[in-house]
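What's in protein.pdb: PDB, C-alpha atoms (C1' of nucleotides)
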```pdb
ATOM      1  CA  MET G 102      91.983 120.017 144.190
ATOM      2  CA  GLY G 103      88.545 119.760 142.606
ATOM      3  CA  ILE G 104      87.437 117.344 139.926
ATOM      4  CA  SER G 105      87.469 120.130 137.361
ATOM      5  CA  ASN G 106      91.174 120.800 137.822
ATOM      6  CA  LEU G 107      91.930 117.078 137.907
ATOM      7  CA  LEU G 108      90.218 116.671 134.558
ATOM      8  CA  VAL G 109      92.148 119.601 133.144
ATOM      9  CA  GLU G 110      95.383 118.046 134.355
ATOM     10  CA  LEU G 111      94.465 114.679 132.900
ATOM     11  CA  PHE G 112      93.471 116.338 129.647
ATOM     12  CA  GLU G 113      96.799 118.142 129.542
ATOM     13  CA  LYS G 114      98.770 114.965 130.189
ATOM     14  CA  MET G 115      96.829 113.021 127.608
ATOM     15  CA  SER G 116      97.417 115.788 125.074
ATOM     16  CA  VAL G 117     101.157 115.707 125.621
ATOM     17  CA  TRP G 118     101.178 111.950 125.476
ATOM     18  CA  GLU G 119      99.109 111.938 122.287
ATOM     19  CA  ALA G 120     101.321 114.502 120.585
ATOM     20  CA  GLU G 121     104.515 112.607 121.388
ATOM     21  CA  ASN G 122     103.017 109.297 120.439
ATOM     22  CA  VAL G 123     101.658 110.491 117.108
ATOM     23  CA  LYS G 124     104.918 112.205 116.271
ATOM     24  CA  GLU G 125     106.649 108.837 116.483
ATOM     25  CA  SER G 126     104.307 107.485 113.832
ATOM     26  CA  GLY G 127     105.544 110.122 111.395
ATOM     27  CA  LEU G 128     102.037 111.504 110.864
ATOM     28  CA  SER G 129     100.683 114.874 111.935
ATOM     29  CA  LEU G 130      97.987 115.044 114.611
ATOM     30  CA  PRO G 131      95.228 115.983 112.146
ATOM     31  CA  HIS G 132      96.246 113.128 109.862
ATOM     32  CA  MET G 133      96.174 110.582 112.693
ATOM     33  CA  HIS G 134      92.930 112.034 113.970
ATOM     34  CA  THR G 135      91.445 111.538 110.527
ATOM     35  CA  LEU G 136      92.596 107.921 110.339
ATOM     36  CA  VAL G 137      91.129 107.233 113.786
ATOM     37  CA  MET G 138      87.770 108.712 112.858
ATOM     38  CA  ILE G 139      87.599 106.674 109.691
ATOM     39  CA  GLY G 140      88.793 103.619 111.614
ATOM     40  CA  ILE G 141      85.934 103.992 114.090
ATOM     41  CA  HIS G 142      83.239 104.664 111.498
ATOM     42  CA  ARG G 143      84.582 102.431 108.727
ATOM     43  CA  ARG G 144      82.956 104.277 105.791
ATOM     44  CA  LEU G 145      82.091 107.956 105.726
ATOM     45  CA  ILE G 146      81.356 110.677 103.235
ATOM     46  CA  MET G 147      83.471 113.815 103.409
ATOM     47  CA  LYS G 148      80.714 115.958 104.866
ATOM     48  CA  ASP G 149      80.099 113.635 107.824
ATOM     49  CA  LEU G 150      83.796 113.122 108.471
ATOM     50  CA  ALA G 151      84.391 116.875 108.440
ATOM     51  CA  ALA G 152      81.532 117.389 110.918
ATOM     52  CA  LEU G 153      82.933 114.691 113.230
ATOM     53  CA  MET G 154      86.325 116.338 113.181
ATOM     54  CA  GLY G 155      85.065 119.883 113.516
ATOM     55  CA  VAL G 156      86.677 121.171 110.310
ATOM     56  CA  THR G 157      85.269 122.461 107.032
ATOM     57  CA  THR G 158      85.068 120.164 104.026
ATOM     58  CA  GLY G 159      87.639 122.362 102.330
ATOM     59  CA  THR G 160      90.138 121.578 105.051
ATOM     60  CA  LEU G 161      89.262 117.906 104.916
ATOM     61  CA  THR G 162      89.756 117.809 101.154
ATOM     62  CA  VAL G 163      93.423 118.658 101.461
ATOM     63  CA  THR G 164      93.881 116.294 104.422
ATOM     64  CA  VAL G 165      92.329 113.400 102.528
ATOM     65  CA  ASP G 166      94.353 114.328  99.420
ATOM     66  CA  LYS G 167      97.557 113.878 101.392
ATOM     67  CA  LEU G 168      96.456 110.699 103.157
ATOM     68  CA  GLU G 169      95.395 109.297  99.801
ATOM     69  CA  SER G 170      98.752 110.118  98.226
ATOM     70  CA  LYS G 171     100.399 108.284 101.127
ATOM     71  CA  GLY G 172      98.210 105.289 100.415
ATOM     72  CA  LEU G 173      96.457 105.367 103.782
ATOM     73  CA  VAL G 174      92.903 106.184 102.762
ATOM     74  CA  CYS G 175      90.768 105.526  99.747
ATOM     75  CA  ARG G 176      88.071 107.528  97.948
ATOM     76  CA  GLU G 177      85.457 105.111  96.617
ATOM     77  CA  PRO G 178      82.519 106.243  94.537
ATOM     78  CA  ASN G 179      79.295 106.403  96.510
ATOM     79  CA  PRO G 180      76.714 104.400  94.561
ATOM     80  CA  ASP G 181      73.866 106.286  96.256
ATOM     81  CA  ASP G 182      75.054 109.792  95.388
ATOM     82  CA  ARG G 183      77.504 110.639  92.685
ATOM     83  CA  ARG G 184      78.384 113.960  94.317
ATOM     84  CA  SER G 185      80.037 112.278  97.250
ATOM     85  CA  TRP G 186      82.768 109.764  98.038
ATOM     86  CA  MET G 187      82.939 106.991 100.566
ATOM     87  CA  ILE G 188      86.197 107.400 102.464
ATOM     88  CA  THR G 189      87.757 104.223 103.837
ATOM     89  CA  LEU G 190      91.097 103.071 105.228
ATOM     90  CA  THR G 191      93.516 101.092 103.101
ATOM     91  CA  ASP G 192      95.266  98.129 104.723
ATOM     92  CA  ASP G 193      98.212 100.398 105.505
ATOM     93  CA  GLY G 194      95.912 103.023 106.939
ATOM     94  CA  HIS G 195      94.231 100.407 109.076
ATOM     95  CA  ARG G 196      97.602  99.376 110.471
ATOM     96  CA  PHE G 197      98.265 102.952 111.618
ATOM     97  CA  TYR G 198      94.833 103.038 113.201
ATOM     98  CA  GLN G 199      95.342  99.739 114.994
ATOM     99  CA  ASP G 200      98.783 100.689 116.258
ATOM    100  CA  HIS G 201      97.369 103.901 117.589
ATOM    101  CA  THR G 202      94.524 102.072 119.310
ATOM    102  CA  LYS G 203      97.014  99.693 120.902
ATOM    103  CA  ALA G 204      99.044 102.641 122.142
ATOM    104  CA  HIS G 205      95.901 104.056 123.739
ATOM    105  CA  ALA G 206      95.322 100.755 125.495
ATOM    106  CA  LYS G 207      98.884 100.735 126.744
ATOM    107  CA  MET G 208      98.540 104.264 128.058
ATOM    108  CA  THR G 209      95.338 103.338 129.850
ATOM    109  CA  ALA G 210      96.925 100.255 131.387
ATOM    110  CA  HIS G 211      99.640 102.492 132.757
ATOM    111  CA  GLY G 212      97.109 104.754 134.425
ATOM    112  CA  LEU G 213      95.250 101.775 135.871
ATOM    113  CA  ASN G 214      98.495 100.335 137.186
ATOM    114  CA  ASP G 215      97.445  99.971 140.847
ATOM    115  CA  PHE G 216      93.699  99.469 140.299
ATOM    116  CA  THR G 217      92.065  96.184 141.333
ATOM    117  CA  ALA G 218      89.629  94.609 138.891
ATOM    118  CA  LYS G 219      86.757  95.848 141.041
ATOM    119  CA  GLU G 220      88.114  99.395 141.115
ATOM    120  CA  GLN G 221      88.536  99.362 137.360
ATOM    121  CA  GLU G 222      84.885  98.429 136.943
ATOM    122  CA  ALA G 223      83.769 101.166 139.312
ATOM    123  CA  PHE G 224      85.967 103.756 137.582
ATOM    124  CA  LYS G 225      84.676 102.670 134.218
ATOM    125  CA  GLY G 226      81.097 103.077 135.436
ATOM    126  CA  TYR G 227      81.755 106.611 136.614
ATOM    127  CA  LEU G 228      83.564 107.492 133.419
ATOM    128  CA  LEU G 229      80.696 106.179 131.341
ATOM    129  CA  ARG G 230      78.127 108.196 133.247
ATOM    130  CA  PHE G 231      80.260 111.311 133.170
ATOM    131  CA  THR G 232      80.929 110.997 129.446
ATOM    132  CA  GLN G 233      77.271 110.417 128.638
ATOM    133  CA  ASN G 234      76.190 113.414 130.702
ATOM    134  CA  PHE G 235      78.509 115.505 128.626
ATOM    135  CA  PRO G 236      77.043 117.932 126.108
ATOM    136  CA  GLU G 237      76.769 116.224 122.749
ATOM    137  CA  GLN G 238      78.823 117.549 119.876
ATOM    138  CA  GLU G 239      76.550 119.001 117.249
TER     139      GLU G 239
ATOM    140  CA  MET A 232      83.441  99.298 125.612
ATOM    141  CA  GLY A 233      86.778  99.397 127.447
ATOM    142  CA  ILE A 234      88.110 102.183 129.604
ATOM    143  CA  SER A 235      90.586 103.099 126.886
ATOM    144  CA  ASN A 236      87.845 103.889 124.388
ATOM    145  CA  LEU A 237      85.803 105.701 127.017
ATOM    146  CA  LEU A 238      88.741 107.945 127.749
ATOM    147  CA  VAL A 239      89.232 108.619 124.060
ATOM    148  CA  GLU A 240      85.573 109.524 123.733
ATOM    149  CA  LEU A 241      85.736 111.802 126.764
ATOM    150  CA  PHE A 242      88.908 113.366 125.428
ATOM    151  CA  GLU A 243      87.202 113.988 122.113
ATOM    152  CA  LYS A 244      84.157 115.566 123.726
ATOM    153  CA  MET A 245      86.270 117.754 125.965
ATOM    154  CA  SER A 246      88.301 118.878 122.963
ATOM    155  CA  VAL A 247      85.218 119.910 121.044
ATOM    156  CA  TRP A 248      83.812 121.646 124.094
ATOM    157  CA  GLU A 249      87.088 123.459 124.705
ATOM    158  CA  ALA A 250      87.361 124.601 121.116
ATOM    159  CA  GLU A 251      83.829 126.000 121.045
ATOM    160  CA  ASN A 252      84.190 127.600 124.419
ATOM    161  CA  VAL A 253      87.464 129.302 123.617
ATOM    162  CA  LYS A 254      86.150 130.504 120.293
ATOM    163  CA  GLU A 255      83.430 132.422 122.127
ATOM    164  CA  SER A 256      86.101 134.287 124.081
ATOM    165  CA  GLY A 257      87.520 135.649 120.841
ATOM    166  CA  LEU A 258      90.956 134.160 121.536
ATOM    167  CA  SER A 259      92.668 131.353 119.672
ATOM    168  CA  LEU A 260      93.304 128.044 121.455
ATOM    169  CA  PRO A 261      97.074 128.631 121.764
ATOM    170  CA  HIS A 262      96.452 132.090 123.181
ATOM    171  CA  MET A 263      94.006 130.809 125.795
ATOM    172  CA  HIS A 264      96.302 127.910 126.590
ATOM    173  CA  THR A 265      99.076 130.391 127.223
ATOM    174  CA  LEU A 266      96.931 132.522 129.537
ATOM    175  CA  VAL A 267      95.905 129.411 131.500
ATOM    176  CA  MET A 268      99.500 128.282 131.945
ATOM    177  CA  ILE A 269     100.546 131.695 133.194
ATOM    178  CA  GLY A 270      97.450 131.847 135.378
ATOM    179  CA  ILE A 271      98.393 128.576 137.041
ATOM    180  CA  HIS A 272     102.066 129.415 137.524
ATOM    181  CA  ARG A 273     101.681 133.160 138.159
ATOM    182  CA  ARG A 274     105.196 134.204 137.037
ATOM    183  CA  LEU A 275     107.306 132.375 134.479
ATOM    184  CA  ILE A 276     110.240 133.018 132.223
ATOM    185  CA  MET A 277     109.782 132.348 128.512
ATOM    186  CA  LYS A 278     111.907 129.204 128.514
ATOM    187  CA  ASP A 279     109.869 127.500 131.241
ATOM    188  CA  LEU A 280     106.551 128.576 129.768
ATOM    189  CA  ALA A 281     107.570 127.243 126.360
ATOM    190  CA  ALA A 282     108.566 123.925 127.927
ATOM    191  CA  LEU A 283     105.242 123.648 129.766
ATOM    192  CA  MET A 284     103.358 124.272 126.551
ATOM    193  CA  GLY A 285     105.472 122.028 124.365
ATOM    194  CA  VAL A 286     106.474 124.732 121.889
ATOM    195  CA  THR A 287     109.791 126.378 121.022
ATOM    196  CA  THR A 288     110.700 129.734 122.524
ATOM    197  CA  GLY A 289     110.537 131.184 119.024
ATOM    198  CA  THR A 290     106.881 130.229 118.771
ATOM    199  CA  LEU A 291     106.202 131.562 122.259
ATOM    200  CA  THR A 292     107.822 134.898 121.438
ATOM    201  CA  VAL A 293     105.237 135.643 118.777
ATOM    202  CA  THR A 294     102.386 134.376 120.973
ATOM    203  CA  VAL A 295     103.456 136.585 123.876
ATOM    204  CA  ASP A 296     103.981 139.507 121.496
ATOM    205  CA  LYS A 297     100.349 139.288 120.447
ATOM    206  CA  LEU A 298      98.998 138.758 123.953
ATOM    207  CA  GLU A 299     101.057 141.711 125.122
ATOM    208  CA  SER A 300      99.729 143.924 122.348
ATOM    209  CA  LYS A 301      96.208 142.927 123.437
ATOM    210  CA  GLY A 302      97.094 143.947 126.972
ATOM    211  CA  LEU A 303      96.593 140.476 128.433
ATOM    212  CA  VAL A 304     100.137 139.632 129.536
ATOM    213  CA  CYS A 305     103.102 141.590 130.747
ATOM    214  CA  ARG A 306     106.871 141.214 130.252
ATOM    215  CA  GLU A 307     108.619 142.341 133.409
ATOM    216  CA  PRO A 308     112.397 142.510 133.736
ATOM    217  CA  ASN A 309     113.827 139.595 135.676
ATOM    218  CA  PRO A 310     116.066 141.079 138.391
ATOM    219  CA  ASP A 311     118.012 137.801 138.674
ATOM    220  CA  ASP A 312     118.916 137.496 135.001
ATOM    221  CA  ARG A 313     118.853 140.317 132.498
ATOM    222  CA  ARG A 314     118.570 137.894 129.583
ATOM    223  CA  SER A 315     115.090 136.774 130.566
ATOM    224  CA  TRP A 316     111.656 138.204 131.287
ATOM    225  CA  MET A 317     109.089 137.349 133.917
ATOM    226  CA  ILE A 318     105.782 136.833 132.136
ATOM    227  CA  THR A 319     102.639 137.620 134.136
ATOM    228  CA  LEU A 320      98.947 138.223 133.508
ATOM    229  CA  THR A 321      97.528 141.722 133.454
ATOM    230  CA  ASP A 322      94.193 142.293 135.195
ATOM    231  CA  ASP A 323      92.452 141.830 131.856
ATOM    232  CA  GLY A 324      94.419 138.647 131.190
ATOM    233  CA  HIS A 325      93.497 137.355 134.622
ATOM    234  CA  ARG A 326      89.825 137.923 133.867
ATOM    235  CA  PHE A 327      90.092 135.707 130.769
ATOM    236  CA  TYR A 328      91.832 133.069 132.832
ATOM    237  CA  GLN A 329      89.211 133.168 135.562
ATOM    238  CA  ASP A 330      86.311 133.062 133.111
ATOM    239  CA  HIS A 331      87.875 130.059 131.463
ATOM    240  CA  THR A 332      88.338 128.319 134.808
ATOM    241  CA  LYS A 333      84.711 128.977 135.670
ATOM    242  CA  ALA A 334      83.652 127.519 132.338
ATOM    243  CA  HIS A 335      85.642 124.368 133.154
ATOM    244  CA  ALA A 336      83.831 124.107 136.466
ATOM    245  CA  LYS A 337      80.500 124.475 134.730
ATOM    246  CA  MET A 338      81.395 121.774 132.241
ATOM    247  CA  THR A 339      82.411 119.451 135.060
ATOM    248  CA  ALA A 340      79.202 120.118 136.958
ATOM    249  CA  HIS A 341      77.307 119.110 133.852
ATOM    250  CA  GLY A 342      79.139 115.795 133.668
ATOM    251  CA  LEU A 343      78.539 115.150 137.356
ATOM    252  CA  ASN A 344      74.873 115.938 136.950
ATOM    253  CA  ASP A 345      73.475 112.716 138.427
ATOM    254  CA  PHE A 346      76.340 111.899 140.827
ATOM    255  CA  THR A 347      75.701 111.826 144.570
ATOM    256  CA  ALA A 348      78.245 113.550 146.807
ATOM    257  CA  LYS A 349      79.639 110.146 147.738
ATOM    258  CA  GLU A 350      79.979 109.122 144.094
ATOM    259  CA  GLN A 351      81.733 112.371 143.268
ATOM    260  CA  GLU A 352      84.289 111.688 145.963
ATOM    261  CA  ALA A 353      84.879 108.163 144.726
ATOM    262  CA  PHE A 354      85.212 109.309 141.120
ATOM    263  CA  LYS A 355      87.601 112.032 142.175
ATOM    264  CA  GLY A 356      89.746 109.480 144.017
ATOM    265  CA  TYR A 357      89.965 107.254 140.974
ATOM    266  CA  LEU A 358      90.734 110.206 138.710
ATOM    267  CA  LEU A 359      93.484 111.354 141.031
ATOM    268  CA  ARG A 360      95.116 107.936 141.118
ATOM    269  CA  PHE A 361      94.795 107.509 137.381
ATOM    270  CA  THR A 362      96.226 110.935 136.644
ATOM    271  CA  GLN A 363      99.141 110.435 139.002
ATOM    272  CA  ASN A 364      99.977 107.050 137.509
ATOM    273  CA  PHE A 365     100.180 108.751 134.167
ATOM    274  CA  PRO A 366     103.598 109.182 132.579
ATOM    275  CA  GLU A 367     105.012 112.566 133.522
ATOM    276  CA  GLN A 368     105.575 115.132 130.814
ATOM    277  CA  GLU A 369     109.242 115.816 130.432
TER     278      GLU A 369
ATOM    279  C1'  DC P  82     138.772 138.540 129.522
ATOM    280  C1'  DT P  83     137.860 135.174 126.814
ATOM    281  C1'  DT P  84     135.305 131.090 125.746
ATOM    282  C1'  DA P  85     131.296 128.478 126.148
ATOM    283  C1'  DC P  86     126.791 128.611 127.301
ATOM    284  C1'  DT P  87     122.043 130.463 127.830
ATOM    285  C1'  DA P  88     117.510 133.311 127.101
ATOM    286  C1'  DC P  89     115.313 135.373 123.953
ATOM    287  C1'  DT P  90     114.135 137.188 119.237
ATOM    288  C1'  DT P  91     114.041 137.120 114.250
ATOM    289  C1'  DT P  92     113.591 135.007 109.813
ATOM    290  C1'  DG P  93     112.094 131.859 106.248
ATOM    291  C1'  DA P  94     109.559 127.941 105.230
ATOM    292  C1'  DT P  95     105.812 124.688 105.965
ATOM    293  C1'  DG P  96     101.342 123.002 107.260
ATOM    294  C1'  DG P  97      96.522 123.521 108.949
ATOM    295  C1'  DT P  98      92.714 126.264 108.765
ATOM    296  C1'  DC P  99      88.769 128.995 107.059
ATOM    297  C1'  DA P 100      85.633 131.704 104.008
ATOM    298  C1'  DA P 101      84.131 132.275  99.648
ATOM    299  C1'  DG P 102      83.599 130.951  95.130
ATOM    300  C1'  DA P 103      83.386 127.180  91.498
ATOM    301  C1'  DT P 104      81.749 122.621  89.792
ATOM    302  C1'  DA P 105      78.955 118.672  89.433
ATOM    303  C1'  DC P 106      75.114 116.330  91.050
ATOM    304  C1'  DT P 107      70.377 115.741  93.327
ATOM    305  C1'  DT P 108      65.787 117.016  94.621
ATOM    306  C1'  DG P 109      61.375 119.021  94.309
ATOM    307  C1'  DA P 110      58.050 121.728  92.058
ATOM    308  C1'  DT P 111      56.017 122.831  88.117
TER     309       DT P 111
ATOM    310  C1'  DA N 260      60.838 116.722  81.243
ATOM    311  C1'  DT N 261      62.757 121.090  82.899
ATOM    312  C1'  DC N 262      64.202 124.348  85.853
ATOM    313  C1'  DA N 263      65.390 126.247  90.357
ATOM    314  C1'  DA N 264      67.162 125.497  94.629
ATOM    315  C1'  DG N 265      69.867 122.875  97.408
ATOM    316  C1'  DT N 266      73.947 119.852  98.389
ATOM    317  C1'  DA N 267      78.778 117.526  98.294
ATOM    318  C1'  DT N 268      83.015 118.379  97.055
ATOM    319  C1'  DC N 269      86.998 120.946  95.456
ATOM    320  C1'  DT N 270      89.795 125.211  94.711
ATOM    321  C1'  DT N 271      91.745 129.521  95.927
ATOM    322  C1'  DG N 272      93.662 133.147  98.698
ATOM    323  C1'  DA N 273      94.675 134.593 103.041
ATOM    324  C1'  DC N 274      96.027 134.017 107.820
ATOM    325  C1'  DC N 275      97.876 131.800 111.948
ATOM    326  C1'  DA N 276     100.844 128.475 114.442
ATOM    327  C1'  DT N 277     104.791 126.225 114.255
ATOM    328  C1'  DC N 278     109.717 124.920 113.740
ATOM    329  C1'  DA N 279     114.693 125.116 112.727
ATOM    330  C1'  DA N 280     118.338 127.938 112.272
ATOM    331  C1'  DA N 281     120.636 132.132 112.697
ATOM    332  C1'  DG N 282     121.242 136.453 115.350
ATOM    333  C1'  DT N 283     121.635 139.331 119.790
ATOM    334  C1'  DA N 284     122.564 140.164 124.397
ATOM    335  C1'  DG N 285     123.718 138.534 128.859
ATOM    336  C1'  DT N 286     125.928 134.957 132.166
ATOM    337  C1'  DA N 287     129.393 131.860 133.975
ATOM    338  C1'  DA N 288     133.724 129.507 134.586
ATOM    339  C1'  DG N 289     138.345 129.154 133.916
TER     340       DG N 289
END
```
Would you mind writing the structure in this file as structure tokens?
Amino acid sequence: MGISNLLVELFEKMSVWEAENVKESGLSLPHMHTLVMIGIHRRLIMKDLAALMGVTTGTLTVTVDKLESKGLVCREPNPDDRRSWMITLTDDGHRFYQDHTKAHAKMTAHGLNDFTAKEQEAFKGYLLRFTQNFPEQE
Amino acid sequence: MGISNLLVELFEKMSVWEAENVKESGLSLPHMHTLVMIGIHRRLIMKDLAALMGVTTGTLTVTVDKLESKGLVCREPNPDDRRSWMITLTDDGHRFYQDHTKAHAKMTAHGLNDFTAKEQEAFKGYLLRFTQNFPEQE
DNA sequence: CTTACTACTTTGATGGTCAAGATACTTGAT
DNA sequence: ATCAAGTATCTTGACCATCAAAGTAGTAAG
């Protein structure tokens, strides 16, 4: 089997894992995805967050509305531009983000089960190169 | 950055790439996903295909209805069980599947841009081990 | 043959998505 | 300053994907 098919298989398995894992949190995939993006970037305006997630701002508006009503994210006024909001995680939202990150780490540890420390480093190096060679998202 | 975050980043980039790529084909993601699953398994009954894709048979019924009306898949009577259908790709459906597979290969080649043959083999070995260590989908 | 089970389809409801239009603000040119 | 053009967000209306539950037709086991 070629690397291409291996990647597809890994992608498939990670997707299934992600879906099951997120379902346990009680959030939908788009909602968790949103929390993760905000968690990584800390503070974002709607436009940038929508671009990162590959959705329109209209879609993001309703997502953020729901996350806000659940007390997971916060719209703060943007002092530099009164048209836009700075979106951040609340403490509760940050907990979801951290739990999700921990679950990722656990999943990774499972995959690296029989790897020596040296092999992990080598794998990581390859992954880094591969990921960086990858077409950038516009 | 740890391997966990690298994988998440790769996953994210592959998702974006996949979405853009599939959009160009004129099919929705679920429709392409369905064609790929049938392409890999050649002949499947609805129940098994639904399980592979992680959707209910009710959802799959409408997906297959649409793919059938587009002439991309075929419901053939199952001689062993008159309750079920064997789902297969038509020639047109197979072309979509093959084009998609080729696009995956192209994407992979891009990522492996600066890898020597020896490095590709090593990376492939690690990927294989990692993928196989991964929790199975049930 | 009858009961329990199974494969598939249908139906009704919900959620995510987009395109297009509306609103409020900013920017740049006059 | 003022106005026009551009921008960030929100709203609306429509569509698709999805599920749970109910319905249909076929199988299996006694």
- [ ] Tell me which residues the PyMOL selection byres ((chain G) within 8 of (chain N)) grabs here, as a PyMOL selection string.
- [x] chain G and resi 147-148+158-159+162+184-185
Task: For chain G, the nearest of the candidates A:Thr294, A:Ile276, A:Asp311, A:Ala282, counting all atoms listed in the file - done: A:Ala282
Task: atom CA of A:Leu275 to atom CA of A:Met317, straight-line distance in Å - done: 5.3 Å
Chain A post-superposition (all in-order Cα pairs with chain G) as a compact mmCIF listing (two decimals) with C-alpha atoms, keeping the file's coordinate frame:
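Generated output (result08.txt):
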```
# COMPACT_ATOMS: atom_id res chain seq x y z
CA MET A 232 92.03 120.02 144.30
CA GLY A 233 88.58 119.76 142.70
CA ILE A 234 87.47 117.33 140.05
CA SER A 235 87.47 120.12 137.49
CA ASN A 236 91.18 120.78 137.92
CA LEU A 237 91.95 117.07 137.99
CA LEU A 238 90.23 116.65 134.66
CA VAL A 239 92.14 119.58 133.22
CA GLU A 240 95.39 118.05 134.42
CA LEU A 241 94.48 114.67 132.97
CA PHE A 242 93.45 116.32 129.73
CA GLU A 243 96.77 118.12 129.60
CA LYS A 244 98.76 114.95 130.23
CA MET A 245 96.79 113.01 127.66
CA SER A 246 97.36 115.77 125.13
CA VAL A 247 101.10 115.72 125.64
CA TRP A 248 101.14 111.94 125.49
CA GLU A 249 99.06 111.94 122.32
CA ALA A 250 101.26 114.50 120.63
CA GLU A 251 104.46 112.60 121.40
CA ASN A 252 102.96 109.30 120.45
CA VAL A 253 101.61 110.50 117.13
CA LYS A 254 104.87 112.21 116.31
CA GLU A 255 106.62 108.84 116.52
CA SER A 256 104.28 107.48 113.86
CA GLY A 257 105.52 110.11 111.43
CA LEU A 258 102.01 111.50 110.89
CA SER A 259 100.69 114.87 111.95
CA LEU A 260 97.97 115.06 114.62
CA PRO A 261 95.22 116.01 112.13
CA HIS A 262 96.23 113.15 109.87
CA MET A 263 96.13 110.60 112.69
CA HIS A 264 92.88 112.06 113.95
CA THR A 265 91.42 111.57 110.50
CA LEU A 266 92.56 107.94 110.31
CA VAL A 267 91.06 107.25 113.76
CA MET A 268 87.71 108.75 112.80
CA ILE A 269 87.55 106.69 109.63
CA GLY A 270 88.71 103.64 111.56
CA ILE A 271 85.85 104.03 114.01
CA HIS A 272 83.17 104.69 111.40
CA ARG A 273 84.54 102.44 108.64
CA ARG A 274 82.94 104.27 105.68
CA LEU A 275 82.08 107.96 105.60
CA ILE A 276 81.38 110.66 103.09
CA MET A 277 83.50 113.81 103.27
CA LYS A 278 80.71 115.96 104.69
CA ASP A 279 80.08 113.66 107.66
CA LEU A 280 83.77 113.13 108.34
CA ALA A 281 84.37 116.89 108.31
CA ALA A 282 81.50 117.39 110.75
CA LEU A 283 82.86 114.72 113.10
CA MET A 284 86.26 116.36 113.08
CA GLY A 285 85.03 119.92 113.40
CA VAL A 286 86.67 121.19 110.22
CA THR A 287 85.31 122.48 106.91
CA THR A 288 85.09 120.18 103.91
CA GLY A 289 87.69 122.37 102.23
CA THR A 290 90.18 121.57 104.96
CA LEU A 291 89.28 117.89 104.82
CA THR A 292 89.81 117.77 101.06
CA VAL A 293 93.47 118.64 101.42
CA THR A 294 93.90 116.28 104.38
CA VAL A 295 92.36 113.38 102.47
CA ASP A 296 94.39 114.29 99.38
CA LYS A 297 97.59 113.84 101.37
CA LEU A 298 96.47 110.67 103.13
CA GLU A 299 95.43 109.26 99.78
CA SER A 300 98.78 110.08 98.22
CA LYS A 301 100.42 108.25 101.14
CA GLY A 302 98.22 105.27 100.41
CA LEU A 303 96.46 105.34 103.78
CA VAL A 304 92.90 106.17 102.73
CA CYS A 305 90.78 105.49 99.70
CA ARG A 306 88.10 107.51 97.87
CA GLU A 307 85.50 105.12 96.52
CA PRO A 308 82.58 106.24 94.37
CA ASN A 309 79.33 106.43 96.31
CA PRO A 310 76.75 104.44 94.33
CA ASP A 311 73.89 106.35 96.00
CA ASP A 312 75.12 109.84 95.14
CA ARG A 313 77.61 110.67 92.44
CA ARG A 314 78.49 113.98 94.10
CA SER A 315 80.12 112.30 97.08
CA TRP A 316 82.82 109.78 97.90
CA MET A 317 82.96 107.00 100.45
CA ILE A 318 86.20 107.40 102.38
CA THR A 319 87.74 104.21 103.78
CA LEU A 320 91.06 103.05 105.20
CA THR A 321 93.49 101.06 103.09
CA ASP A 322 95.23 98.11 104.73
CA ASP A 323 98.18 100.37 105.50
CA GLY A 324 95.87 103.02 106.93
CA HIS A 325 94.18 100.40 109.07
CA ARG A 326 97.54 99.36 110.48
CA PHE A 327 98.19 102.94 111.64
CA TYR A 328 94.75 103.04 113.20
CA GLN A 329 95.25 99.75 115.00
CA ASP A 330 98.71 100.68 116.26
CA HIS A 331 97.30 103.91 117.60
CA THR A 332 94.45 102.08 119.34
CA LYS A 333 96.93 99.70 120.92
CA ALA A 334 98.99 102.64 122.14
CA HIS A 335 95.85 104.07 123.77
CA ALA A 336 95.28 100.77 125.53
CA LYS A 337 98.85 100.75 126.76
CA MET A 338 98.52 104.28 128.07
CA THR A 339 95.33 103.34 129.89
CA ALA A 340 96.93 100.27 131.41
CA HIS A 341 99.66 102.51 132.76
CA GLY A 342 97.13 104.77 134.45
CA LEU A 343 95.31 101.79 135.92
CA ASN A 344 98.56 100.37 137.21
CA ASP A 345 97.55 99.99 140.86
CA PHE A 346 93.79 99.47 140.37
CA THR A 347 92.19 96.19 141.41
CA ALA A 348 89.73 94.61 138.98
CA LYS A 349 86.88 95.83 141.17
CA GLU A 350 88.23 99.38 141.21
CA GLN A 351 88.63 99.36 137.45
CA GLU A 352 84.99 98.42 137.07
CA ALA A 353 83.88 101.16 139.43
CA PHE A 354 86.04 103.76 137.71
CA LYS A 355 84.73 102.66 134.34
CA GLY A 356 81.15 103.06 135.58
CA TYR A 357 81.80 106.58 136.78
CA LEU A 358 83.60 107.48 133.55
CA LEU A 359 80.72 106.15 131.50
CA ARG A 360 78.15 108.16 133.43
CA PHE A 361 80.28 111.28 133.33
CA THR A 362 80.93 110.99 129.61
CA GLN A 363 77.28 110.39 128.83
CA ASN A 364 76.18 113.37 130.90
CA PHE A 365 78.51 115.47 128.83
CA PRO A 366 77.00 117.90 126.35
CA GLU A 367 76.73 116.24 122.95
CA GLN A 368 78.78 117.59 120.09
CA GLU A 369 76.52 119.03 117.46
```
- [ ] Tell me which residues the PyMOL selection byres ((chain P) within 10 of (chain G)) grabs here, as a list in words.
- [x] DG96, DG97, DT98, DC99, DA100, DA105, DC106 and DT107 of chain P
Task: Selection dump of the PyMOL selection byres ((chain A) within 7 of (chain G)), as number ranges by chain - done: A: 234-235, 237, 241-242, 244, 247, 335-336, 339, 341-344, 354-355, 357, 359, 361-362, 364-365, 368
Open item on the list: One number please: atom CA of G:Leu136 to atom CA of G:Trp186, in Å, one decimal.
Closed with: 15.9 Å
Please, what is the axis-aligned box for every listed atom of stretch 207-224 of chain G with 6 Å on each side, as centre and edge lengths in Å to one decimal, as AutoDock Vina command-line options?
```
--center_x 91.7 --center_y 99.7 --center_z 134.0 --size_x 27.9 --size_y 22.1 --size_z 26.6
```
